[in-house]
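**Student:** Sending over entry.cif (mmCIF, N, CA and C atoms).
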data_run
loop_
_atom_site.label_atom_id
_atom_site.label_comp_id
_atom_site.auth_asym_id
_atom_site.auth_seq_id
_atom_site.Cartn_x
_atom_site.Cartn_y
_atom_site.Cartn_z
N MET E 261 54.47 37.35 144.94
CA MET E 261 53.20 37.53 144.24
C MET E 261 52.19 36.49 144.74
N PRO E 262 50.95 36.89 145.04
CA PRO E 262 49.98 35.93 145.56
C PRO E 262 49.52 34.93 144.52
N LYS E 263 49.03 33.79 145.03
CA LYS E 263 48.50 32.75 144.14
C LYS E 263 47.16 33.17 143.56
N ASN E 264 46.86 32.65 142.38
CA ASN E 264 45.52 32.83 141.82
C ASN E 264 44.63 31.74 142.39
N LYS E 265 43.56 32.14 143.04
CA LYS E 265 42.67 31.16 143.65
C LYS E 265 41.35 31.12 142.89
N PRO E 266 40.78 29.93 142.70
CA PRO E 266 39.50 29.86 142.01
C PRO E 266 38.37 30.43 142.87
N HIS E 267 37.34 30.88 142.22
CA HIS E 267 36.19 31.49 142.90
C HIS E 267 35.38 30.39 143.58
N LYS E 268 35.38 30.40 144.91
CA LYS E 268 34.74 29.33 145.67
C LYS E 268 33.23 29.25 145.43
N GLY E 269 32.58 30.41 145.27
CA GLY E 269 31.14 30.42 145.03
C GLY E 269 30.78 29.74 143.73
N LEU E 270 31.58 29.96 142.67
CA LEU E 270 31.31 29.32 141.39
C LEU E 270 31.65 27.84 141.45
N LEU E 271 32.70 27.48 142.16
CA LEU E 271 33.08 26.07 142.28
C LEU E 271 31.98 25.25 142.92
N LYS E 272 31.25 25.86 143.86
CA LYS E 272 30.19 25.14 144.56
C LYS E 272 28.95 24.97 143.68
N ARG E 273 28.82 25.79 142.65
CA ARG E 273 27.61 25.79 141.84
C ARG E 273 27.75 25.11 140.49
N VAL E 274 28.97 24.82 140.06
CA VAL E 274 29.17 24.21 138.74
C VAL E 274 30.02 22.95 138.87
N ARG E 275 29.99 22.16 137.78
CA ARG E 275 30.81 20.97 137.71
C ARG E 275 31.44 20.93 136.32
N VAL E 276 32.76 20.81 136.27
CA VAL E 276 33.46 20.78 134.99
C VAL E 276 33.57 19.32 134.55
N THR E 277 33.10 19.01 133.33
CA THR E 277 33.15 17.64 132.82
C THR E 277 34.54 17.32 132.30
N LYS E 278 34.77 16.06 131.96
CA LYS E 278 36.08 15.66 131.45
C LYS E 278 36.41 16.36 130.14
N THR E 279 35.39 16.66 129.35
CA THR E 279 35.65 17.32 128.07
C THR E 279 35.79 18.83 128.23
N GLY E 280 35.60 19.35 129.44
CA GLY E 280 35.81 20.77 129.69
C GLY E 280 34.56 21.61 129.63
N LYS E 281 33.41 20.99 129.44
CA LYS E 281 32.16 21.75 129.48
C LYS E 281 31.80 22.01 130.94
N VAL E 282 31.03 23.06 131.18
CA VAL E 282 30.65 23.42 132.54
C VAL E 282 29.15 23.17 132.71
N ARG E 283 28.80 22.24 133.61
CA ARG E 283 27.40 21.92 133.89
C ARG E 283 26.95 22.66 135.14
N HIS E 284 25.66 22.99 135.18
CA HIS E 284 25.12 23.73 136.31
C HIS E 284 23.67 23.33 136.56
N ARG E 285 23.13 23.71 137.70
CA ARG E 285 21.72 23.47 138.01
C ARG E 285 20.90 24.54 137.31
N SER E 286 19.77 24.16 136.72
CA SER E 286 18.93 25.17 136.08
C SER E 286 18.07 25.85 137.13
N ALA E 287 17.97 27.16 137.05
CA ALA E 287 17.18 27.93 138.00
C ALA E 287 15.69 27.80 137.69
N PHE E 288 14.84 28.04 138.68
CA PHE E 288 13.38 28.05 138.56
C PHE E 288 12.79 26.69 138.24
N HIS E 289 13.50 25.61 138.48
CA HIS E 289 13.00 24.30 138.09
C HIS E 289 12.84 23.35 139.28
N SER E 290 13.30 23.74 140.45
CA SER E 290 13.34 22.79 141.56
C SER E 290 12.00 22.63 142.27
N HIS E 291 11.20 23.70 142.39
CA HIS E 291 9.91 23.58 143.08
C HIS E 291 8.96 24.65 142.56
N LEU E 292 7.74 24.66 143.08
CA LEU E 292 6.68 25.58 142.65
C LEU E 292 6.42 25.46 141.15
N SER E 293 6.30 24.23 140.68
CA SER E 293 6.15 24.03 139.23
C SER E 293 4.70 23.88 138.80
N SER E 294 3.76 23.90 139.75
CA SER E 294 2.37 23.66 139.38
C SER E 294 1.78 24.80 138.55
N HIS E 295 2.22 26.02 138.76
CA HIS E 295 1.67 27.15 137.99
C HIS E 295 2.47 27.43 136.73
N LYS E 296 3.58 26.72 136.52
CA LYS E 296 4.38 26.92 135.31
C LYS E 296 3.84 26.03 134.20
N SER E 297 3.89 26.53 132.98
CA SER E 297 3.34 25.77 131.85
C SER E 297 4.26 24.59 131.52
N GLY E 298 3.69 23.62 130.84
CA GLY E 298 4.48 22.45 130.43
C GLY E 298 5.61 22.83 129.51
N LYS E 299 5.36 23.79 128.63
CA LYS E 299 6.39 24.26 127.70
C LYS E 299 7.57 24.85 128.47
N ARG E 300 7.26 25.66 129.47
CA ARG E 300 8.31 26.30 130.27
C ARG E 300 9.13 25.24 131.03
N LEU E 301 8.46 24.25 131.59
CA LEU E 301 9.16 23.20 132.33
C LEU E 301 10.04 22.36 131.41
N ARG E 302 9.55 22.07 130.19
CA ARG E 302 10.37 21.33 129.21
C ARG E 302 11.61 22.12 128.84
N GLN E 303 11.43 23.42 128.64
CA GLN E 303 12.58 24.26 128.26
C GLN E 303 13.59 24.36 129.40
N LEU E 304 13.11 24.35 130.63
CA LEU E 304 14.02 24.39 131.78
C LEU E 304 14.81 23.09 131.89
N ARG E 305 14.22 21.99 131.41
CA ARG E 305 14.87 20.69 131.46
C ARG E 305 15.97 20.55 130.42
N ALA E 306 15.92 21.38 129.38
CA ALA E 306 16.66 21.14 128.15
C ALA E 306 18.18 21.05 128.30
N ASP E 307 18.86 22.12 128.61
CA ASP E 307 20.31 22.13 128.53
C ASP E 307 20.89 22.67 129.82
N ARG E 308 21.89 22.01 130.34
CA ARG E 308 22.43 22.43 131.62
C ARG E 308 23.91 22.76 131.52
N CYS E 309 24.39 23.07 130.31
CA CYS E 309 25.78 23.48 130.13
C CYS E 309 25.83 24.99 129.92
N ILE E 310 26.89 25.60 130.40
CA ILE E 310 27.04 27.05 130.26
C ILE E 310 27.37 27.38 128.81
N SER E 311 26.78 28.46 128.29
CA SER E 311 26.99 28.87 126.90
C SER E 311 28.37 29.52 126.74
N ASN E 312 28.78 29.71 125.49
CA ASN E 312 30.12 30.22 125.19
C ASN E 312 30.47 31.56 125.86
N PRO E 313 29.62 32.59 125.78
CA PRO E 313 30.00 33.86 126.42
C PRO E 313 30.19 33.70 127.93
N GLU E 314 29.37 32.85 128.54
CA GLU E 314 29.48 32.64 129.98
C GLU E 314 30.74 31.83 130.32
N ILE E 315 31.14 30.95 129.42
CA ILE E 315 32.35 30.14 129.66
C ILE E 315 33.56 31.05 129.80
N LYS E 316 33.60 32.11 128.99
CA LYS E 316 34.72 33.05 129.05
C LYS E 316 34.81 33.68 130.45
N ARG E 317 33.65 34.04 131.01
CA ARG E 317 33.63 34.61 132.36
C ARG E 317 34.02 33.57 133.40
N ALA E 318 33.55 32.33 133.21
CA ALA E 318 33.87 31.27 134.17
C ALA E 318 35.37 30.96 134.16
N GLU E 319 36.00 31.03 132.98
CA GLU E 319 37.45 30.81 132.90
C GLU E 319 38.20 31.81 133.76
N LYS E 320 37.77 33.06 133.72
CA LYS E 320 38.43 34.10 134.50
C LYS E 320 38.26 33.85 136.00
N LEU E 321 37.06 33.38 136.39
CA LEU E 321 36.80 33.16 137.80
C LEU E 321 37.51 31.90 138.32
N LEU E 322 37.64 30.87 137.48
CA LEU E 322 38.23 29.60 137.92
C LEU E 322 39.73 29.52 137.65
N PHE E 323 40.28 30.48 136.89
CA PHE E 323 41.70 30.50 136.53
C PHE E 323 42.12 29.20 135.84
N ARG E 324 41.31 28.76 134.88
CA ARG E 324 41.68 27.60 134.06
C ARG E 324 40.97 27.66 132.73
N ARG E 325 41.55 27.00 131.73
CA ARG E 325 40.95 26.98 130.40
C ARG E 325 39.81 25.98 130.39
N LEU E 326 38.72 26.34 129.73
CA LEU E 326 37.56 25.47 129.61
C LEU E 326 37.21 25.32 128.14
N ARG E 327 36.51 24.26 127.82
CA ARG E 327 36.14 24.01 126.43
C ARG E 327 34.76 24.56 126.15
N GLY E 328 34.64 25.40 125.14
CA GLY E 328 33.35 25.91 124.71
C GLY E 328 32.72 24.96 123.72
N ARG E 329 31.51 25.28 123.26
CA ARG E 329 30.83 24.41 122.31
C ARG E 329 31.41 24.53 120.92
N THR E 330 32.02 25.65 120.58
CA THR E 330 32.50 25.86 119.22
C THR E 330 33.90 25.29 119.02
N GLN E 331 34.54 24.84 120.07
CA GLN E 331 35.87 24.27 119.94
C GLN E 331 35.78 22.93 119.20
N ALA E 332 36.80 22.61 118.45
CA ALA E 332 36.79 21.41 117.62
C ALA E 332 36.66 20.15 118.46
N LEU E 333 35.99 19.14 117.93
CA LEU E 333 35.84 17.88 118.64
C LEU E 333 37.18 17.17 118.81
N SER E 334 38.14 17.50 117.94
CA SER E 334 39.46 16.88 118.06
C SER E 334 40.18 17.32 119.34
N ALA E 335 39.73 18.41 119.93
CA ALA E 335 40.34 18.89 121.17
C ALA E 335 39.88 18.08 122.38
N MET E 336 38.82 17.29 122.19
CA MET E 336 38.31 16.47 123.29
C MET E 336 39.22 15.27 123.51
N ARG E 337 39.41 14.93 124.78
CA ARG E 337 40.16 13.72 125.10
C ARG E 337 39.19 12.55 125.09
N LYS E 338 39.50 11.54 124.30
CA LYS E 338 38.64 10.37 124.23
C LYS E 338 39.40 9.16 124.73
N SER E 339 38.73 8.29 125.46
CA SER E 339 39.38 7.07 125.90
C SER E 339 39.37 6.08 124.74
N PRO E 340 40.45 5.31 124.57
CA PRO E 340 40.52 4.39 123.44
C PRO E 340 39.54 3.23 123.57
N SER E 341 39.11 2.71 122.44
CA SER E 341 38.20 1.56 122.42
C SER E 341 39.00 0.30 122.78
N PRO E 342 38.34 -0.80 123.15
CA PRO E 342 39.06 -2.03 123.49
C PRO E 342 39.98 -2.52 122.36
N GLU E 343 39.53 -2.36 121.10
CA GLU E 343 40.37 -2.78 119.97
C GLU E 343 41.63 -1.93 119.89
N GLN E 344 41.47 -0.61 120.10
CA GLN E 344 42.62 0.29 120.08
C GLN E 344 43.58 -0.04 121.22
N ARG E 345 43.05 -0.39 122.38
CA ARG E 345 43.92 -0.74 123.52
C ARG E 345 44.72 -1.99 123.22
N ARG E 346 44.08 -3.00 122.60
CA ARG E 346 44.80 -4.22 122.22
C ARG E 346 45.92 -3.90 121.24
N GLU E 347 45.63 -3.06 120.26
CA GLU E 347 46.65 -2.67 119.28
C GLU E 347 47.79 -1.92 119.95
N MET E 348 47.46 -1.04 120.90
CA MET E 348 48.50 -0.28 121.60
C MET E 348 49.38 -1.21 122.43
N ARG E 349 48.75 -2.19 123.12
CA ARG E 349 49.53 -3.15 123.90
C ARG E 349 50.43 -3.99 123.02
N ALA E 350 49.89 -4.44 121.89
CA ALA E 350 50.68 -5.25 120.96
C ALA E 350 51.87 -4.46 120.41
N ALA E 351 51.64 -3.21 120.09
CA ALA E 351 52.72 -2.37 119.58
C ALA E 351 53.78 -2.12 120.66
N LYS E 352 53.33 -1.96 121.89
CA LYS E 352 54.25 -1.73 123.01
C LYS E 352 55.11 -2.98 123.28
N GLU E 353 54.46 -4.15 123.25
CA GLU E 353 55.19 -5.40 123.46
C GLU E 353 56.16 -5.67 122.32
N ALA E 354 55.77 -5.35 121.11
CA ALA E 354 56.67 -5.52 119.96
C ALA E 354 57.88 -4.60 120.06
N ALA E 355 57.68 -3.41 120.58
CA ALA E 355 58.78 -2.46 120.73
C ALA E 355 59.75 -2.91 121.83
N GLU E 356 59.22 -3.56 122.86
CA GLU E 356 60.08 -4.02 123.96
C GLU E 356 60.93 -5.21 123.55
N GLU E 357 60.44 -6.05 122.65
CA GLU E 357 61.16 -7.25 122.23
C GLU E 357 62.22 -6.99 121.20
#
When written as structure tokens, how does the structure in this file appear?
**Tutor:**
Amino acid sequence: MPKNKPHKGLLKRVRVTKTGKVRHRSAFHSHLSSHKSGKRLRQLRADRCISNPEIKRAEKLLFRRLRGRTQALSAMRKSPSPEQRREMRAAKEAAEE
């Protein structure tokens, strides 16, 4: 059975963040902005993450699970704070002794 390969065209156009959101370049914003209104340019600047329905399509093309906006924040991987790291080290050293 052949391997599932990710869609190369989509891989070149998007970037998956550590939390699983998919960032992309916004269209119509790179040049020829003199005739576009300020409101339109502000709106183009606003959000560069793919929306939930599009994430479902991107998952199929990339053959991997991605995090949508509606997924719980507890599903995000967070790096521990310095205090938490000290506590983890202390607990680890106590367990070794």
**Student:** Evaluate the PyMOL selection byres ((chain E and resi 267) around 7) on the structure here and hand back the selected residues as a count of residues only.
**Tutor:** 11
**Student:** Separation of atom CA of Lys263 of chain E and atom C of Arg325 of chain E, in Å?
**Tutor:**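 Straight-line distance from atom CA of Lys263 of chain E to atom C of Arg325 of chain E works out to 17.6 Å.
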**Student:** In terms of the shortest atom-to-atom distance over all atoms listed in the file, which of E:Leu326, E:Ala318, E:Met261, E:Leu304 is closest to Lys281 of chain E?
**Tutor:**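 Nearest to Lys281 of chain E: E:Leu326.
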**Student:** Using DSSP secondary structure from the backbone, list all strand (DSSP E) positions within chain E, as a VMD selection string.
**Tutor:** chain E and resid 274 to 276 282 to 284
**Student:** Report the distance between atom C of Ile315 of chain E and atom N of Ser290 of chain E in Å, rounded to one decimal place.
**Tutor:**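 Result for atom C of Ile315 of chain E versus atom N of Ser290 of chain E: 24.0 Å, one decimal.
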